[in-house]
$ cat entry.tsv   # TSV, N, CA and C atoms
chain	number	residue	atom	x	y	z
W	1	MET	N	11.83	12.66	-2.72
W	1	MET	CA	10.98	11.83	-3.54
W	1	MET	C	11.10	12.31	-4.99
W	2	LYS	N	11.12	11.37	-5.92
W	2	LYS	CA	11.22	11.69	-7.33
W	2	LYS	C	9.97	12.40	-7.82
W	3	LYS	N	10.16	13.24	-8.85
W	3	LYS	CA	9.05	14.01	-9.40
W	3	LYS	C	7.91	13.11	-9.89
W	4	GLU	N	8.26	12.02	-10.63
W	4	GLU	CA	7.20	11.14	-11.14
W	4	GLU	C	6.46	10.42	-10.01
W	5	SER	N	7.15	10.19	-8.87
W	5	SER	CA	6.51	9.56	-7.72
W	5	SER	C	5.43	10.47	-7.15
W	6	LYS	N	5.73	11.76	-7.06
W	6	LYS	CA	4.74	12.71	-6.55
W	6	LYS	C	3.52	12.74	-7.46
W	7	LYS	N	3.75	12.65	-8.76
W	7	LYS	CA	2.63	12.65	-9.70
W	7	LYS	C	1.73	11.44	-9.48
W	8	LYS	N	2.31	10.28	-9.23
W	8	LYS	CA	1.51	9.07	-9.00
W	8	LYS	C	0.66	9.23	-7.75
W	9	ILE	N	1.25	9.78	-6.68
W	9	ILE	CA	0.50	9.96	-5.43
W	9	ILE	C	-0.61	10.98	-5.64
W	10	ILE	N	-0.28	12.09	-6.28
W	10	ILE	CA	-1.28	13.12	-6.55
W	10	ILE	C	-2.39	12.55	-7.42
W	11	GLY	N	-2.05	11.64	-8.33
W	11	GLY	CA	-3.03	11.01	-9.21
W	11	GLY	C	-4.11	10.25	-8.47
W	12	LEU	N	-3.80	9.77	-7.27
W	12	LEU	CA	-4.82	9.09	-6.46
W	12	LEU	C	-6.00	10.00	-6.17
W	13	PHE	N	-5.73	11.31	-6.12
W	13	PHE	CA	-6.75	12.27	-5.73
W	13	PHE	C	-7.37	13.00	-6.92
W	14	ASP	N	-7.03	12.61	-8.16
W	14	ASP	CA	-7.59	13.25	-9.35
W	14	ASP	C	-9.11	13.16	-9.35
W	15	GLY	N	-9.75	14.27	-9.66
W	15	GLY	CA	-11.19	14.28	-9.80
W	15	GLY	C	-11.97	14.33	-8.50
W	16	ILE	N	-11.27	14.48	-7.38
W	16	ILE	CA	-11.94	14.51	-6.08
W	16	ILE	C	-11.95	15.94	-5.56
W	17	ASP	N	-13.05	16.36	-5.02
W	17	ASP	CA	-13.21	17.71	-4.49
W	17	ASP	C	-12.09	18.04	-3.51
W	18	ASP	N	-11.53	19.25	-3.61
W	18	ASP	CA	-10.41	19.68	-2.75
W	18	ASP	C	-10.74	19.60	-1.27
W	19	ILE	N	-11.96	19.90	-0.89
W	19	ILE	CA	-12.35	19.83	0.53
W	19	ILE	C	-12.25	18.40	1.03
W	20	ILE	N	-12.71	17.45	0.22
W	20	ILE	CA	-12.63	16.03	0.60
W	20	ILE	C	-11.17	15.61	0.70
W	21	VAL	N	-10.34	16.02	-0.27
W	21	VAL	CA	-8.91	15.66	-0.24
W	21	VAL	C	-8.25	16.21	1.01
W	22	ASP	N	-8.52	17.47	1.36
W	22	ASP	CA	-7.93	18.06	2.56
W	22	ASP	C	-8.36	17.30	3.81
W	23	ASN	N	-9.62	16.92	3.87
W	23	ASN	CA	-10.12	16.15	5.01
W	23	ASN	C	-9.44	14.79	5.09
W	24	ILE	N	-9.27	14.13	3.95
W	24	ILE	CA	-8.61	12.82	3.90
W	24	ILE	C	-7.16	12.94	4.36
W	25	LYS	N	-6.47	13.96	3.90
W	25	LYS	CA	-5.05	14.14	4.26
W	25	LYS	C	-4.87	14.23	5.77
W	26	GLN	N	-5.85	14.79	6.47
W	26	GLN	CA	-5.76	14.91	7.92
W	26	GLN	C	-5.84	13.55	8.60
W	27	GLN	N	-6.40	12.55	7.93
W	27	GLN	CA	-6.56	11.22	8.50
W	27	GLN	C	-5.37	10.30	8.21
W	28	LEU	N	-4.44	10.75	7.40
W	28	LEU	CA	-3.34	9.90	6.97
W	28	LEU	C	-2.17	9.99	7.93
W	29	ARG	N	-1.38	8.92	7.96
W	29	ARG	CA	-0.17	8.95	8.78
W	29	ARG	C	0.95	8.26	8.02
W	30	THR	N	2.17	8.62	8.39
W	30	THR	CA	3.36	8.02	7.80
W	30	THR	C	3.85	6.93	8.72
W	31	VAL	N	4.18	5.77	8.15
W	31	VAL	CA	4.72	4.66	8.93
W	31	VAL	C	6.04	4.22	8.31
W	32	LYS	N	6.94	3.73	9.15
W	32	LYS	CA	8.27	3.31	8.69
W	32	LYS	C	8.49	1.84	9.00
W	33	PHE	N	9.17	1.17	8.08
W	33	PHE	CA	9.53	-0.23	8.24
W	33	PHE	C	11.00	-0.41	7.92
W	34	LYS	N	11.64	-1.31	8.63
W	34	LYS	CA	13.05	-1.64	8.40
W	34	LYS	C	13.15	-2.72	7.32
W	35	LYS	N	14.30	-2.80	6.71
W	35	LYS	CA	14.57	-3.84	5.72
W	35	LYS	C	14.23	-5.21	6.32
W	36	GLY	N	13.45	-6.00	5.59
W	36	GLY	CA	13.06	-7.33	6.05
W	36	GLY	C	11.75	-7.40	6.81
W	37	ASP	N	11.22	-6.25	7.23
W	37	ASP	CA	9.94	-6.24	7.95
W	37	ASP	C	8.80	-6.68	7.03
W	38	LYS	N	7.87	-7.44	7.59
W	38	LYS	CA	6.68	-7.86	6.85
W	38	LYS	C	5.61	-6.79	7.09
W	39	ILE	N	5.20	-6.14	6.02
W	39	ILE	CA	4.23	-5.05	6.10
W	39	ILE	C	2.80	-5.59	6.05
W	40	LEU	N	2.55	-6.49	5.12
W	40	LEU	CA	1.26	-7.17	4.99
W	40	LEU	C	1.48	-8.67	5.05
W	41	ARG	N	0.51	-9.36	5.62
W	41	ARG	CA	0.57	-10.82	5.69
W	41	ARG	C	-0.61	-11.41	4.92
W	42	GLU	N	-0.29	-12.35	4.05
W	42	GLU	CA	-1.32	-13.03	3.29
W	42	GLU	C	-2.34	-13.66	4.24
W	43	LYS	N	-3.60	-13.57	3.89
W	43	LYS	CA	-4.74	-14.14	4.61
W	43	LYS	C	-5.20	-13.31	5.81
W	44	GLU	N	-4.50	-12.22	6.13
W	44	GLU	CA	-4.96	-11.33	7.21
W	44	GLU	C	-5.98	-10.35	6.64
W	45	GLU	N	-6.84	-9.84	7.52
W	45	GLU	CA	-7.81	-8.83	7.11
W	45	GLU	C	-7.07	-7.53	6.80
W	46	GLY	N	-7.55	-6.82	5.81
W	46	GLY	CA	-6.95	-5.54	5.45
W	46	GLY	C	-7.75	-4.39	6.01
W	47	SER	N	-7.06	-3.40	6.57
W	47	SER	CA	-7.76	-2.23	7.11
W	47	SER	C	-7.23	-0.93	6.51
W	48	CYS	N	-6.25	-1.04	5.60
W	48	CYS	CA	-5.68	0.16	5.00
W	48	CYS	C	-4.92	-0.22	3.72
W	49	LEU	N	-4.56	0.80	2.97
W	49	LEU	CA	-3.65	0.61	1.85
W	49	LEU	C	-2.48	1.54	2.08
W	50	TYR	N	-1.40	1.31	1.36
W	50	TYR	CA	-0.17	2.08	1.55
W	50	TYR	C	0.31	2.68	0.24
W	51	VAL	N	0.88	3.88	0.33
W	51	VAL	CA	1.58	4.51	-0.78
W	51	VAL	C	3.05	4.57	-0.37
W	52	ILE	N	3.93	4.12	-1.25
W	52	ILE	CA	5.36	4.11	-0.94
W	52	ILE	C	5.93	5.52	-1.13
W	53	LEU	N	6.41	6.11	-0.05
W	53	LEU	CA	7.04	7.43	-0.09
W	53	LEU	C	8.54	7.30	-0.32
W	54	LYS	N	9.12	6.24	0.25
W	54	LYS	CA	10.57	6.03	0.16
W	54	LYS	C	10.82	4.53	0.33
W	55	GLY	N	11.72	3.98	-0.47
W	55	GLY	CA	12.10	2.59	-0.33
W	55	GLY	C	11.49	1.69	-1.38
W	56	LYS	N	11.65	0.39	-1.17
W	56	LYS	CA	11.13	-0.64	-2.08
W	56	LYS	C	10.51	-1.76	-1.26
W	57	ILE	N	9.46	-2.34	-1.81
W	57	ILE	CA	8.84	-3.50	-1.17
W	57	ILE	C	8.67	-4.60	-2.21
W	58	GLU	N	8.64	-5.83	-1.72
W	58	GLU	CA	8.38	-6.97	-2.60
W	58	GLU	C	7.03	-7.57	-2.22
W	59	ILE	N	6.23	-7.83	-3.23
W	59	ILE	CA	4.98	-8.55	-3.03
W	59	ILE	C	5.27	-10.01	-3.34
W	60	GLU	N	4.90	-10.89	-2.40
W	60	GLU	CA	5.16	-12.32	-2.58
W	60	GLU	C	3.93	-13.12	-2.20
W	61	LYS	N	3.79	-14.27	-2.81
W	61	LYS	CA	2.65	-15.16	-2.59
W	61	LYS	C	3.13	-16.43	-1.91
W	62	GLU	N	2.38	-16.89	-0.93
W	62	GLU	CA	2.71	-18.16	-0.28
W	62	GLU	C	2.38	-19.31	-1.23
W	63	VAL	N	3.28	-20.30	-1.28
W	63	VAL	CA	3.11	-21.45	-2.17
W	63	VAL	C	3.19	-22.71	-1.32
W	64	GLU	N	2.11	-23.49	-1.31
W	64	GLU	CA	2.10	-24.72	-0.51
W	64	GLU	C	3.04	-25.76	-1.09
W	65	HIS	N	3.64	-26.54	-0.19
W	65	HIS	CA	4.52	-27.66	-0.57
W	65	HIS	C	5.64	-27.20	-1.50
W	66	SER	N	6.22	-26.05	-1.20
W	66	SER	CA	7.29	-25.51	-2.03
W	66	SER	C	8.44	-25.05	-1.16
W	67	GLU	N	9.61	-25.08	-1.71
W	67	GLU	CA	10.79	-24.56	-1.02
W	67	GLU	C	11.52	-23.65	-1.99
W	68	PRO	N	11.61	-22.37	-1.76
W	68	PRO	CA	11.13	-21.64	-0.58
W	68	PRO	C	9.59	-21.60	-0.55
W	69	PRO	N	9.04	-21.28	0.62
W	69	PRO	CA	7.57	-21.32	0.78
W	69	PRO	C	6.83	-20.13	0.16
W	70	THR	N	7.57	-19.20	-0.44
W	70	THR	CA	6.94	-18.05	-1.08
W	70	THR	C	7.53	-17.83	-2.47
W	71	ALA	N	6.75	-17.19	-3.32
W	71	ALA	CA	7.21	-16.84	-4.67
W	71	ALA	C	7.05	-15.34	-4.87
W	72	PRO	N	8.12	-14.65	-5.29
W	72	PRO	CA	8.02	-13.21	-5.53
W	72	PRO	C	7.11	-12.92	-6.73
W	73	LEU	N	6.29	-11.88	-6.60
W	73	LEU	CA	5.39	-11.47	-7.69
W	73	LEU	C	5.87	-10.20	-8.36
W	74	THR	N	6.26	-9.22	-7.55
W	74	THR	CA	6.71	-7.94	-8.10
W	74	THR	C	7.45	-7.14	-7.05
W	75	VAL	N	8.21	-6.15	-7.50
W	75	VAL	CA	8.86	-5.19	-6.62
W	75	VAL	C	8.22	-3.83	-6.90
W	76	MET	N	7.88	-3.12	-5.83
W	76	MET	CA	7.24	-1.82	-5.96
W	76	MET	C	8.14	-0.74	-5.36
W	77	GLU	N	8.05	0.47	-5.94
W	77	GLU	CA	8.93	1.57	-5.54
W	77	GLU	C	8.13	2.82	-5.22
W	78	GLU	N	8.86	3.90	-4.98
W	78	GLU	CA	8.25	5.19	-4.63
W	78	GLU	C	7.10	5.56	-5.56
W	79	GLY	N	6.02	6.03	-4.94
W	79	GLY	CA	4.87	6.50	-5.70
W	79	GLY	C	3.84	5.43	-5.99
W	80	GLU	N	4.21	4.16	-5.85
W	80	GLU	CA	3.26	3.09	-6.11
W	80	GLU	C	2.47	2.78	-4.84
W	81	PHE	N	1.32	2.17	-5.00
W	81	PHE	CA	0.51	1.83	-3.84
W	81	PHE	C	0.12	0.36	-3.87
W	82	PHE	N	-0.16	-0.18	-2.68
W	82	PHE	CA	-0.51	-1.59	-2.54
W	82	PHE	C	-1.42	-1.76	-1.33
W	83	GLY	N	-2.09	-2.91	-1.28
W	83	GLY	CA	-3.00	-3.20	-0.17
W	83	GLY	C	-4.45	-2.88	-0.48
W	84	GLU	N	-4.70	-2.35	-1.67
W	84	GLU	CA	-6.06	-1.95	-2.02
W	84	GLU	C	-6.96	-3.13	-2.37
W	85	MET	N	-6.39	-4.23	-2.82
W	85	MET	CA	-7.22	-5.34	-3.30
W	85	MET	C	-8.13	-5.91	-2.21
W	86	SER	N	-7.60	-6.08	-1.01
W	86	SER	CA	-8.45	-6.63	0.06
W	86	SER	C	-9.55	-5.65	0.45
W	87	LEU	N	-9.30	-4.36	0.27
W	87	LEU	CA	-10.34	-3.37	0.58
W	87	LEU	C	-11.41	-3.37	-0.50
W	88	LEU	N	-10.99	-3.47	-1.76
W	88	LEU	CA	-11.95	-3.48	-2.86
W	88	LEU	C	-12.79	-4.75	-2.89
W	89	ASN	N	-12.13	-5.88	-2.64
W	89	ASN	CA	-12.80	-7.18	-2.72
W	89	ASN	C	-13.44	-7.61	-1.40
W	90	GLU	N	-13.16	-6.86	-0.33
W	90	GLU	CA	-13.63	-7.22	1.01
W	90	GLU	C	-13.25	-8.65	1.37
W	91	GLU	N	-12.00	-8.98	1.07
W	91	GLU	CA	-11.44	-10.30	1.36
W	91	GLU	C	-10.10	-10.12	2.07
W	92	PRO	N	-9.59	-11.19	2.68
W	92	PRO	CA	-8.27	-11.10	3.32
W	92	PRO	C	-7.18	-10.76	2.31
W	93	ARG	N	-6.05	-10.33	2.82
W	93	ARG	CA	-4.90	-10.00	1.97
W	93	ARG	C	-4.55	-11.20	1.09
W	94	SER	N	-4.22	-10.93	-0.17
W	94	SER	CA	-3.94	-12.00	-1.12
W	94	SER	C	-2.45	-12.29	-1.25
W	95	ALA	N	-1.61	-11.50	-0.58
W	95	ALA	CA	-0.16	-11.70	-0.68
W	95	ALA	C	0.52	-11.02	0.51
W	96	ASN	N	1.81	-11.34	0.67
W	96	ASN	CA	2.65	-10.68	1.66
W	96	ASN	C	3.31	-9.47	1.02
W	97	ALA	N	3.68	-8.49	1.82
W	97	ALA	CA	4.49	-7.37	1.38
W	97	ALA	C	5.66	-7.25	2.35
W	98	ILE	N	6.88	-7.28	1.81
W	98	ILE	CA	8.10	-7.25	2.61
W	98	ILE	C	8.93	-6.03	2.22
W	99	ALA	N	9.46	-5.32	3.21
W	99	ALA	CA	10.35	-4.19	2.93
W	99	ALA	C	11.71	-4.71	2.46
W	100	LEU	N	12.12	-4.31	1.25
W	100	LEU	CA	13.42	-4.72	0.72
W	100	LEU	C	14.54	-3.82	1.22
W	101	GLU	N	14.16	-2.66	1.73
W	101	GLU	CA	15.10	-1.71	2.33
W	101	GLU	C	14.29	-0.88	3.31
W	102	ASP	N	14.97	-0.04	4.07
W	102	ASP	CA	14.22	0.84	4.98
W	102	ASP	C	13.20	1.61	4.14
W	103	THR	N	11.96	1.60	4.61
W	103	THR	CA	10.85	2.08	3.79
W	103	THR	C	9.94	3.00	4.60
W	104	GLU	N	9.45	4.04	3.93
W	104	GLU	CA	8.49	4.96	4.54
W	104	GLU	C	7.22	4.92	3.69
W	105	LEU	N	6.09	4.73	4.35
W	105	LEU	CA	4.81	4.58	3.66
W	105	LEU	C	3.78	5.57	4.18
W	106	LEU	N	2.89	5.95	3.30
W	106	LEU	CA	1.72	6.73	3.68
W	106	LEU	C	0.59	5.73	3.85
W	107	GLU	N	0.00	5.71	5.03
W	107	GLU	CA	-1.07	4.76	5.33
W	107	GLU	C	-2.42	5.43	5.12
W	108	ILE	N	-3.25	4.81	4.28
W	108	ILE	CA	-4.59	5.33	4.02
W	108	ILE	C	-5.61	4.34	4.61
W	109	PRO	N	-6.29	4.73	5.68
W	109	PRO	CA	-7.27	3.83	6.31
W	109	PRO	C	-8.42	3.49	5.36
W	110	GLU	N	-9.05	2.37	5.59
W	110	GLU	CA	-10.12	1.88	4.72
W	110	GLU	C	-11.24	2.91	4.54
W	111	GLU	N	-11.63	3.58	5.61
W	111	GLU	CA	-12.72	4.56	5.51
W	111	GLU	C	-12.36	5.67	4.53
W	112	GLU	N	-11.11	6.14	4.60
W	112	GLU	CA	-10.68	7.21	3.71
W	112	GLU	C	-10.56	6.71	2.27
W	113	PHE	N	-10.11	5.47	2.11
W	113	PHE	CA	-10.02	4.87	0.79
W	113	PHE	C	-11.41	4.77	0.16
W	114	GLN	N	-12.39	4.37	0.95
W	114	GLN	CA	-13.77	4.29	0.45
W	114	GLN	C	-14.26	5.67	0.00
W	115	ARG	N	-13.91	6.69	0.75
W	115	ARG	CA	-14.30	8.06	0.37
W	115	ARG	C	-13.64	8.46	-0.94
W	116	LEU	N	-12.37	8.05	-1.13
W	116	LEU	CA	-11.68	8.33	-2.38
W	116	LEU	C	-12.39	7.65	-3.55
W	117	CYS	N	-12.77	6.41	-3.35
W	117	CYS	CA	-13.37	5.61	-4.42
W	117	CYS	C	-14.78	6.07	-4.78
W	118	PHE	N	-15.52	6.53	-3.80
W	118	PHE	CA	-16.93	6.80	-4.03
W	118	PHE	C	-17.29	8.27	-3.94
W	119	SER	N	-16.28	9.18	-4.08
W	119	SER	CA	-16.61	10.61	-4.07
W	119	SER	C	-16.85	11.10	-5.48

$ encode --input "entry.tsv" --output "structure tokens"
Amino acid sequence: MKKESKKKIIGLFDGIDDIIVDNIKQQLRTVKFKKGDKILREKEEGSCLYVILKGKIEIEKEVEHSEPPTAPLTVMEEGEFFGEMSLLNEEPRSANAIALEDTELLEIPEEEFQRLCFS
């Protein structure tokens, strides 16, 4: 992983007590997706957010009466995170996330994300 990517991930924990961070780390798991796998689906309930450890993902929005049926919004890389919006807004996912290459993600469950936000 690139040095700046590690800084972005570590930045998620800035200002949070070390004991809380250690406890949160125990709840995290690494998940892998193959190129082309759909990681998040628009309109589904969100239960976690992801930090990209390796690979690239594309965030895309479904577009009605359009061909193709989706529009790309952005490409995300190592150290960036996604999936937080549905947790913050308590609404379904607002976009799809697709693996553009074999990808490894750190999964942060909603409960742990809430602890990060409100500690």

$ residues_near_point --input "entry.tsv" --point "(-0.3, -12.2, -0.7)" --cutoff "5 Å" --atoms "all atoms listed in the file" --output "VMD selection string"
chain W and resid 42 60 to 61 93 to 96

$ write_last_selection --input "entry.tsv" --atoms "N, CA and C atoms" --output "short mmCIF file (atom, residue, chain, number, x, y, z; two decimals), keeping the file's coordinate frame"
data_model
loop_
_atom_site.label_atom_id
_atom_site.label_comp_id
_atom_site.auth_asym_id
_atom_site.auth_seq_id
_atom_site.Cartn_x
_atom_site.Cartn_y
_atom_site.Cartn_z
N GLU W 42 -0.29 -12.35 4.05
CA GLU W 42 -1.32 -13.03 3.29
C GLU W 42 -2.34 -13.66 4.24
N GLU W 60 4.90 -10.89 -2.40
CA GLU W 60 5.16 -12.32 -2.58
C GLU W 60 3.93 -13.12 -2.20
N LYS W 61 3.79 -14.27 -2.81
CA LYS W 61 2.65 -15.16 -2.59
C LYS W 61 3.13 -16.43 -1.91
N ARG W 93 -6.05 -10.33 2.82
CA ARG W 93 -4.90 -10.00 1.97
C ARG W 93 -4.55 -11.20 1.09
N SER W 94 -4.22 -10.93 -0.17
CA SER W 94 -3.94 -12.00 -1.12
C SER W 94 -2.45 -12.29 -1.25
N ALA W 95 -1.61 -11.50 -0.58
CA ALA W 95 -0.16 -11.70 -0.68
C ALA W 95 0.52 -11.02 0.51
N ASN W 96 1.81 -11.34 0.67
CA ASN W 96 2.65 -10.68 1.66
C ASN W 96 3.31 -9.47 1.02
#

$ closest_residue --input "entry.tsv" --among "W:Thr70, W:Ser47, W:Glu80, W:Glu90" --to "W:Glu111" --atoms "only N, CA and C atoms"
W:Ser47

$ axis_aligned_box --input "entry.tsv" --around "stretch 31-49 of chain W" --padding-each-side "8 Å" --output "AutoDock Vina command-line options"
--center_x 3.4 --center_y -4.2 --center_z 5.5 --size_x 38.4 --size_y 35.9 --size_z 23.3

$ closest_residue --input "entry.tsv" --among "W:Cys48, W:Ala99, W:Ile39, W:Val31" --to "W:Ser86" --atoms "only N, CA and C atoms"
W:Cys48

$ atom_distance --input "entry.tsv" --atom1 "atom C of W:Lys35" --atom2 "atom CA of W:Ser66"
23.0 Å

$ atom_distance --input "entry.tsv" --atom1 "atom CA of W:Thr30" --atom2 "atom CA of W:Glu78"
13.7 Å

$ atom_distance --input "entry.tsv" --atom1 "atom CA of W:Glu91" --atom2 "atom CA of W:Gly46"
7.7 Å

$ residues_near_point --input "entry.tsv" --point "(7.4, -16.8, -4.6)" --cutoff "8 Å" --atoms "only N, CA and C atoms" --output "MDAnalysis selection string"
chainID W and resid 59:63 68:73

$ residues_around --input "entry.tsv" --residues "W:Phe82" --least-positions-apart "2" --cutoff "8 Å" --atoms "only C-alpha atoms" --output "PyMOL selection string"
chain W and resi 49-51+80+84-85

$ write_last_selection --input "entry.tsv" --atoms "N, CA and C atoms" --output "tab-separated table (two decimals), in the frame of the given file"
chain	number	residue	atom	x	y	z
W	49	LEU	N	-4.56	0.80	2.97
W	49	LEU	CA	-3.65	0.61	1.85
W	49	LEU	C	-2.48	1.54	2.08
W	50	TYR	N	-1.40	1.31	1.36
W	50	TYR	CA	-0.17	2.08	1.55
W	50	TYR	C	0.31	2.68	0.24
W	51	VAL	N	0.88	3.88	0.33
W	51	VAL	CA	1.58	4.51	-0.78
W	51	VAL	C	3.05	4.57	-0.37
W	80	GLU	N	4.21	4.16	-5.85
W	80	GLU	CA	3.26	3.09	-6.11
W	80	GLU	C	2.47	2.78	-4.84
W	84	GLU	N	-4.70	-2.35	-1.67
W	84	GLU	CA	-6.06	-1.95	-2.02
W	84	GLU	C	-6.96	-3.13	-2.37
W	85	MET	N	-6.39	-4.23	-2.82
W	85	MET	CA	-7.22	-5.34	-3.30
W	85	MET	C	-8.13	-5.91	-2.21

$ closest_residue --input "entry.tsv" --among "W:Leu88, W:Leu40, W:Met76, W:Ala97" --to "W:Ile52" --atoms "all atoms listed in the file"
W:Met76
